[in-house]
$ cat work_5.cif   # mmCIF, C-alpha atoms
data_input
loop_
_atom_site.group_PDB
_atom_site.id
_atom_site.type_symbol
_atom_site.label_atom_id
_atom_site.label_comp_id
_atom_site.auth_asym_id
_atom_site.auth_seq_id
_atom_site.Cartn_x
_atom_site.Cartn_y
_atom_site.Cartn_z
ATOM 1 C CA MET A 47 85.128 98.382 92.227
ATOM 2 C CA ARG A 48 86.959 101.303 90.725
ATOM 3 C CA VAL A 49 90.745 101.497 90.891
ATOM 4 C CA ILE A 50 92.005 104.990 91.772
ATOM 5 C CA ARG A 51 95.445 106.298 90.760
ATOM 6 C CA VAL A 52 97.250 107.914 93.716
ATOM 7 C CA GLU A 53 99.284 111.045 92.956
ATOM 8 C CA THR A 54 102.411 110.920 95.133
ATOM 9 C CA THR A 55 104.584 113.805 93.886
ATOM 10 C CA THR A 56 103.903 116.042 96.926
ATOM 11 C CA ALA A 57 103.935 113.246 99.515
ATOM 12 C CA THR A 58 106.763 111.982 101.695
ATOM 13 C CA ILE A 59 106.721 108.185 101.802
ATOM 14 C CA LEU A 60 108.982 106.423 104.317
ATOM 15 C CA LEU A 61 109.644 102.680 104.482
ATOM 16 C CA THR A 62 108.492 101.271 107.843
ATOM 17 C CA GLU A 63 108.448 97.518 107.104
ATOM 18 C CA ALA A 64 110.794 95.626 104.797
ATOM 19 C CA ALA A 65 109.382 93.685 101.854
ATOM 20 C CA GLU A 66 108.068 90.263 102.768
ATOM 21 C CA PRO A 67 106.131 87.609 100.859
ATOM 22 C CA LYS A 68 102.377 88.175 100.678
ATOM 23 C CA VAL A 69 100.535 85.119 101.971
ATOM 24 C CA ARG A 70 97.309 83.958 100.302
ATOM 25 C CA ASP A 71 96.388 81.324 102.909
ATOM 26 C CA ARG A 72 97.730 81.784 106.448
ATOM 27 C CA GLN A 73 96.967 78.170 107.428
ATOM 28 C CA THR A 74 98.947 76.586 104.573
ATOM 29 C CA GLY A 75 101.449 79.430 104.051
ATOM 30 C CA GLU A 76 100.575 79.538 100.328
ATOM 31 C CA ARG A 77 102.074 82.598 98.596
ATOM 32 C CA ALA A 78 99.828 85.128 96.885
ATOM 33 C CA LEU A 79 100.395 85.390 93.132
ATOM 34 C CA ASP A 80 99.462 88.083 90.614
ATOM 35 C CA ALA A 81 96.233 87.001 88.913
ATOM 36 C CA VAL A 82 97.503 87.962 85.430
ATOM 37 C CA SER A 83 101.252 87.239 85.422
ATOM 38 C CA GLY A 84 101.417 84.548 88.109
ATOM 39 C CA GLU A 85 104.360 86.410 89.690
ATOM 40 C CA PRO A 86 104.755 86.109 93.491
ATOM 41 C CA LEU A 87 103.615 89.197 95.411
ATOM 42 C CA MET A 88 105.320 91.045 98.260
ATOM 43 C CA THR A 89 104.073 93.606 100.789
ATOM 44 C CA VAL A 90 105.875 96.632 102.194
ATOM 45 C CA GLY A 91 104.808 98.920 105.028
ATOM 46 C CA VAL A 92 105.102 102.663 104.564
ATOM 47 C CA VAL A 93 104.058 105.867 106.263
ATOM 48 C CA TYR A 94 102.435 108.196 103.730
ATOM 49 C CA ILE A 95 102.762 111.860 104.760
ATOM 50 C CA GLU A 96 101.010 114.686 102.918
ATOM 51 C CA ASP A 97 99.527 118.054 103.940
ATOM 52 C CA GLY A 98 100.526 117.534 107.583
ATOM 53 C CA GLU A 99 98.692 114.195 107.892
ATOM 54 C CA SER A 100 100.137 110.698 107.942
ATOM 55 C CA SER A 101 98.829 107.168 107.401
ATOM 56 C CA LEU A 102 100.461 103.786 107.863
ATOM 57 C CA ILE A 103 99.639 101.613 104.868
ATOM 58 C CA LYS A 104 100.618 98.221 103.437
ATOM 59 C CA VAL A 105 101.329 98.152 99.717
ATOM 60 C CA THR A 106 101.369 95.046 97.516
ATOM 61 C CA VAL A 107 104.177 94.949 94.932
ATOM 62 C CA PRO A 108 105.257 92.228 92.474
ATOM 63 C CA GLU A 109 108.441 90.498 93.636
ATOM 64 C CA SER A 110 110.355 91.850 90.605
ATOM 65 C CA GLY A 111 109.272 95.407 91.562
ATOM 66 C CA VAL A 112 111.117 95.391 94.896
ATOM 67 C CA THR A 113 114.287 97.374 94.172
ATOM 68 C CA GLU A 114 117.651 96.775 95.859
ATOM 69 C CA GLY A 115 118.887 99.406 98.317
ATOM 70 C CA LEU A 116 115.701 99.928 100.341
ATOM 71 C CA THR A 117 116.434 101.136 103.891
ATOM 72 C CA LEU A 118 113.993 101.196 106.808
ATOM 73 C CA GLY A 119 113.098 104.777 107.711
ATOM 74 C CA ALA A 120 114.331 106.135 104.373
ATOM 75 C CA PRO A 121 112.132 107.748 101.701
ATOM 76 C CA VAL A 122 110.816 105.493 98.950
ATOM 77 C CA SER A 123 109.006 105.954 95.668
ATOM 78 C CA LEU A 124 105.898 103.863 94.959
ATOM 79 C CA VAL A 125 105.732 103.587 91.166
ATOM 80 C CA GLY A 126 102.208 103.362 89.744
ATOM 81 C CA LEU A 127 100.476 103.477 93.139
ATOM 82 C CA MET A 128 96.774 102.573 92.921
ATOM 83 C CA ALA A 129 94.062 102.357 95.586
ATOM 84 C CA ARG A 130 91.145 99.928 95.344
ATOM 85 C CA PRO A 131 88.239 100.157 97.818
ATOM 86 C CA TRP A 132 86.982 96.735 98.956
ATOM 87 C CA GLU A 133 84.244 95.287 101.137
ATOM 88 C CA SER A 134 83.308 91.813 102.281
ATOM 89 C CA VAL A 135 81.321 89.915 104.871
ATOM 90 C CA PHE A 136 83.406 87.714 107.200
ATOM 91 C CA ASN A 137 81.778 85.682 109.986
ATOM 92 C CA GLY A 138 78.627 87.735 109.534
ATOM 93 C CA GLN A 139 80.407 91.062 109.938
ATOM 94 C CA GLN A 140 80.690 93.680 107.203
ATOM 95 C CA ARG A 141 84.314 94.702 106.607
ATOM 96 C CA HIS A 142 85.743 97.325 104.262
ATOM 97 C CA GLY A 143 88.971 99.132 103.503
ATOM 98 C CA ILE A 144 91.376 100.212 100.800
ATOM 99 C CA ALA A 145 93.938 97.915 99.172
ATOM 100 C CA TYR A 146 97.072 99.597 97.815
ATOM 101 C CA ARG A 147 99.105 98.237 94.916
ATOM 102 C CA ALA A 148 102.214 99.556 93.146
ATOM 103 C CA THR A 149 104.225 98.253 90.215
ATOM 104 C CA ALA A 150 107.494 98.933 92.060
ATOM 105 C CA VAL A 151 109.026 100.291 95.265
ATOM 106 C CA ALA A 152 112.383 102.046 94.911
ATOM 107 C CA PRO A 153 114.630 104.305 96.982
ATOM 108 C CA GLY A 154 113.188 107.823 96.869
ATOM 109 C CA ALA A 155 113.918 111.364 97.969
ATOM 110 C CA PHE A 156 112.250 113.898 100.212
ATOM 111 C CA PRO A 157 109.996 116.246 98.176
ATOM 112 C CA MET A 158 111.320 119.741 97.513
ATOM 113 C CA ALA A 159 110.236 122.246 100.154
ATOM 114 C CA GLN A 160 107.563 124.685 99.045
ATOM 115 C CA VAL A 161 108.860 128.260 99.305
ATOM 116 C CA GLY A 162 106.560 131.194 99.389
#
$ encode --input "work_5.cif" --output "structure tokens"
Amino acid sequence: MRVIRVETTTATILLTEAAEPKVRDRQTGERALDAVSGEPLMTVGVVYIEDGESSLIKVTVPESGVTEGLTLGAPVSLVGLMARPWESVFNGQQRHGIAYRATAVAPGAFPMAQVG
């Protein structure tokens, strides 16, 4: 499926869940690795606020892309944020959603207020 670049310059993104290892297999605890680099992956939870609407999303980030100084509730920047629609059949039920991936998560700032 198509990967869609997400423009974040006008959004407020707040960290709601600290980075933790992404698990590939919940039964064995096996870590998820990047398919190309083999680097361990992490997930962070954020609230994405734009145009008066908000969404809670989980974003996958390579372990090396998790920057020091992240604070829960503080604004963050999601570098290279991409969205990938997915669908699958699990136990006979059709499931679908959007997977989010960024190259890095770093401390951010609140966007400038629009005047006028």
$ resolve_selection --input "work_5.cif" --expression "the PyMOL selection byres ((chain A and resi 92) around 10)" --output "short mmCIF file (atom, residue, chain, number, x, y, z; two decimals) with C-alpha atoms, in the frame of the given file"
data_model
loop_
_atom_site.label_atom_id
_atom_site.label_comp_id
_atom_site.auth_asym_id
_atom_site.auth_seq_id
_atom_site.Cartn_x
_atom_site.Cartn_y
_atom_site.Cartn_z
CA THR A 58 106.76 111.98 101.70
CA ILE A 59 106.72 108.18 101.80
CA LEU A 60 108.98 106.42 104.32
CA LEU A 61 109.64 102.68 104.48
CA THR A 62 108.49 101.27 107.84
CA GLU A 63 108.45 97.52 107.10
CA ALA A 64 110.79 95.63 104.80
CA THR A 89 104.07 93.61 100.79
CA VAL A 90 105.88 96.63 102.19
CA GLY A 91 104.81 98.92 105.03
CA VAL A 93 104.06 105.87 106.26
CA TYR A 94 102.44 108.20 103.73
CA ILE A 95 102.76 111.86 104.76
CA SER A 101 98.83 107.17 107.40
CA LEU A 102 100.46 103.79 107.86
CA ILE A 103 99.64 101.61 104.87
CA LYS A 104 100.62 98.22 103.44
CA VAL A 105 101.33 98.15 99.72
CA LEU A 118 113.99 101.20 106.81
CA GLY A 119 113.10 104.78 107.71
CA ALA A 120 114.33 106.14 104.37
CA PRO A 121 112.13 107.75 101.70
CA VAL A 122 110.82 105.49 98.95
CA LEU A 124 105.90 103.86 94.96
#
$ axis_aligned_box --input "work_5.cif" --around "stretch 134-138 of chain A" --padding-each-side "5 Å" --output "JSON"
{"center_x": 81.0, "center_y": 88.7, "center_z": 106.1, "size_x": 14.8, "size_y": 16.1, "size_z": 17.7}
$ resolve_selection --input "work_5.cif" --expression "the PyMOL selection byres ((chain A and resi 52) around 7)" --output "PyMOL selection string"
chain A and resi 50-51+53-54+127-129
$ write_last_selection --input "work_5.cif" --atoms "C-alpha atoms" --output "PDB file, in the frame of the given file"
ATOM      1  CA  ILE A  50      92.005 104.990  91.772  1.00  0.00           C
ATOM      2  CA  ARG A  51      95.445 106.298  90.760  1.00  0.00           C
ATOM      3  CA  GLU A  53      99.284 111.045  92.956  1.00  0.00           C
ATOM      4  CA  THR A  54     102.411 110.920  95.133  1.00  0.00           C
ATOM      5  CA  LEU A 127     100.476 103.477  93.139  1.00  0.00           C
ATOM      6  CA  MET A 128      96.774 102.573  92.921  1.00  0.00           C
ATOM      7  CA  ALA A 129      94.062 102.357  95.586  1.00  0.00           C
TER       8      ALA A 129
END
$ atom_distance --input "work_5.cif" --atom1 "atom CA of A:Val82" --atom2 "atom CA of A:Phe136"
25.9 Å
$ residues_around --input "work_5.cif" --residues "stretch 78-81 of chain A" --least-positions-apart "4" --cutoff "7 Å" --atoms "all atoms listed in the file" --output "ChimeraX atom specification"
/A:68-70,85-87
$ closest_residue --input "work_5.cif" --among "A:Val107, A:Ala145, A:Met88, A:Ala155" --to "A:Pro131" --atoms "only C-alpha atoms"
A:Ala145
$ resolve_selection --input "work_5.cif" --expression "the PyMOL selection byres ((chain A and resi 151) around 9)" --output "NGL selection string"
:A and (90 or 107 or 111-113 or 116 or 122-125 or 148-150 or 152-154)
$ residues_around --input "work_5.cif" --residues "A:Ser83" --least-positions-apart "6" --cutoff "12 Å" --atoms "all atoms listed in the file" --output "list of chain:residue names"
A:Pro108, A:Glu109, A:Ser110
$ decode --input "work_5.cif" --residues "stretch 98-113 of chain A" --atoms "all heavy atoms" --output "JSON list (two decimals), in the first residue's frame"
[["chain", "number", "residue", "atom", "x", "y", "z"],
["A", 98, "GLY", "N", -8.45, 22.08, 15.48],
["A", 98, "GLY", "CA", -9.45, 21.86, 16.51],
["A", 98, "GLY", "C", -9.83, 20.41, 16.75],
["A", 98, "GLY", "O", -10.73, 20.11, 17.51],
["A", 99, "GLU", "N", -9.15, 19.47, 16.09],
["A", 99, "GLU", "CA", -9.42, 18.04, 16.28],
["A", 99, "GLU", "C", -8.17, 17.36, 16.82],
["A", 99, "GLU", "O", -7.06, 17.78, 16.51],
["A", 99, "GLU", "CB", -9.85, 17.39, 14.96],
["A", 99, "GLU", "CG", -11.17, 17.93, 14.44],
["A", 99, "GLU", "CD", -11.64, 17.17, 13.21],
["A", 99, "GLU", "OE1", -11.19, 16.03, 12.99],
["A", 99, "GLU", "OE2", -12.46, 17.73, 12.48],
["A", 100, "SER", "N", -8.37, 16.29, 17.59],
["A", 100, "SER", "CA", -7.22, 15.58, 18.14],
["A", 100, "SER", "C", -7.38, 14.08, 17.94],
["A", 100, "SER", "O", -8.50, 13.56, 17.87],
["A", 100, "SER", "CB", -7.05, 15.89, 19.63],
["A", 100, "SER", "OG", -8.15, 15.40, 20.36],
["A", 101, "SER", "N", -6.24, 13.40, 17.84],
["A", 101, "SER", "CA", -6.21, 11.94, 17.72],
["A", 101, "SER", "C", -5.06, 11.41, 18.55],
["A", 101, "SER", "O", -3.96, 11.98, 18.54],
["A", 101, "SER", "CB", -5.97, 11.51, 16.26],
["A", 101, "SER", "OG", -7.01, 11.95, 15.44],
["A", 102, "LEU", "N", -5.31, 10.31, 19.27],
["A", 102, "LEU", "CA", -4.24, 9.61, 19.96],
["A", 102, "LEU", "C", -3.66, 8.60, 18.98],
["A", 102, "LEU", "O", -4.40, 7.79, 18.41],
["A", 102, "LEU", "CB", -4.77, 8.88, 21.19],
["A", 102, "LEU", "CG", -5.18, 9.75, 22.36],
["A", 102, "LEU", "CD1", -5.93, 8.93, 23.39],
["A", 102, "LEU", "CD2", -3.95, 10.39, 22.99],
["A", 103, "ILE", "N", -2.35, 8.65, 18.76],
["A", 103, "ILE", "CA", -1.74, 7.70, 17.85],
["A", 103, "ILE", "C", -0.45, 7.13, 18.45],
["A", 103, "ILE", "O", 0.17, 7.76, 19.31],
["A", 103, "ILE", "CB", -1.44, 8.32, 16.46],
["A", 103, "ILE", "CG1", -0.45, 9.49, 16.55],
["A", 103, "ILE", "CG2", -2.72, 8.77, 15.77],
["A", 103, "ILE", "CD1", 0.01, 10.03, 15.20],
["A", 104, "LYS", "N", -0.09, 5.94, 17.99],
["A", 104, "LYS", "CA", 1.19, 5.32, 18.33],
["A", 104, "LYS", "C", 2.08, 5.47, 17.11],
["A", 104, "LYS", "O", 1.64, 5.26, 15.98],
["A", 104, "LYS", "CB", 1.01, 3.83, 18.63],
["A", 104, "LYS", "CG", 0.29, 3.55, 19.91],
["A", 104, "LYS", "CD", 1.26, 3.20, 20.97],
["A", 104, "LYS", "CE", 0.50, 2.67, 22.18],
["A", 104, "LYS", "NZ", 1.38, 2.44, 23.28],
["A", 105, "VAL", "N", 3.33, 5.84, 17.33],
["A", 105, "VAL", "CA", 4.27, 6.05, 16.24],
["A", 105, "VAL", "C", 5.49, 5.15, 16.48],
["A", 105, "VAL", "O", 6.04, 5.12, 17.58],
["A", 105, "VAL", "CB", 4.71, 7.53, 16.17],
["A", 105, "VAL", "CG1", 5.68, 7.75, 15.01],
["A", 105, "VAL", "CG2", 3.50, 8.44, 16.03],
["A", 106, "THR", "N", 5.89, 4.43, 15.43],
["A", 106, "THR", "CA", 7.08, 3.60, 15.48],
["A", 106, "THR", "C", 8.28, 4.43, 15.07],
["A", 106, "THR", "O", 8.22, 5.16, 14.08],
["A", 106, "THR", "CB", 6.93, 2.39, 14.55],
["A", 106, "THR", "OG1", 5.80, 1.62, 14.97],
["A", 106, "THR", "CG2", 8.16, 1.51, 14.55],
["A", 107, "VAL", "N", 9.37, 4.31, 15.85],
["A", 107, "VAL", "CA", 10.59, 5.09, 15.62],
["A", 107, "VAL", "C", 11.79, 4.16, 15.83],
["A", 107, "VAL", "O", 11.77, 3.36, 16.76],
["A", 107, "VAL", "CB", 10.68, 6.27, 16.62],
["A", 107, "VAL", "CG1", 11.91, 7.11, 16.38],
["A", 107, "VAL", "CG2", 9.43, 7.12, 16.57],
["A", 108, "PRO", "N", 12.83, 4.26, 15.00],
["A", 108, "PRO", "CA", 14.04, 3.48, 15.29],
["A", 108, "PRO", "C", 14.61, 3.89, 16.65],
["A", 108, "PRO", "O", 14.51, 5.05, 17.05],
["A", 108, "PRO", "CB", 15.01, 3.82, 14.17],
["A", 108, "PRO", "CG", 14.27, 4.69, 13.21],
["A", 108, "PRO", "CD", 12.98, 5.09, 13.82],
["A", 109, "GLU", "N", 15.23, 2.94, 17.34],
["A", 109, "GLU", "CA", 15.77, 3.22, 18.67],
["A", 109, "GLU", "C", 16.72, 4.41, 18.66],
["A", 109, "GLU", "O", 16.69, 5.24, 19.57],
["A", 109, "GLU", "CB", 16.48, 1.97, 19.19],
["A", 109, "GLU", "CG", 16.81, 2.01, 20.65],
["A", 109, "GLU", "CD", 17.29, 0.66, 21.15],
["A", 109, "GLU", "OE1", 18.28, 0.14, 20.61],
["A", 109, "GLU", "OE2", 16.65, 0.12, 22.07],
["A", 110, "SER", "N", 17.54, 4.54, 17.62],
["A", 110, "SER", "CA", 18.49, 5.66, 17.54],
["A", 110, "SER", "C", 17.80, 6.99, 17.28],
["A", 110, "SER", "O", 18.40, 8.05, 17.47],
["A", 110, "SER", "CB", 19.52, 5.41, 16.42],
["A", 110, "SER", "OG", 18.87, 5.39, 15.16],
["A", 111, "GLY", "N", 16.51, 6.98, 16.89],
["A", 111, "GLY", "CA", 15.77, 8.20, 16.62],
["A", 111, "GLY", "C", 15.04, 8.77, 17.82],
["A", 111, "GLY", "O", 14.37, 9.79, 17.73],
["A", 112, "VAL", "N", 15.14, 8.08, 18.96],
["A", 112, "VAL", "CA", 14.50, 8.58, 20.19],
["A", 112, "VAL", "C", 15.48, 9.51, 20.88],
["A", 112, "VAL", "O", 16.51, 9.09, 21.41],
["A", 112, "VAL", "CB", 14.08, 7.42, 21.12],
["A", 112, "VAL", "CG1", 13.47, 7.97, 22.40],
["A", 112, "VAL", "CG2", 13.11, 6.49, 20.41],
["A", 113, "THR", "N", 15.19, 10.81, 20.85],
["A", 113, "THR", "CA", 16.08, 11.84, 21.36],
["A", 113, "THR", "C", 15.97, 11.97, 22.88],
["A", 113, "THR", "O", 14.89, 11.78, 23.44],
["A", 113, "THR", "CB", 15.71, 13.19, 20.70],
["A", 113, "THR", "OG1", 15.70, 13.01, 19.29],
["A", 113, "THR", "CG2", 16.70, 14.27, 21.05]]
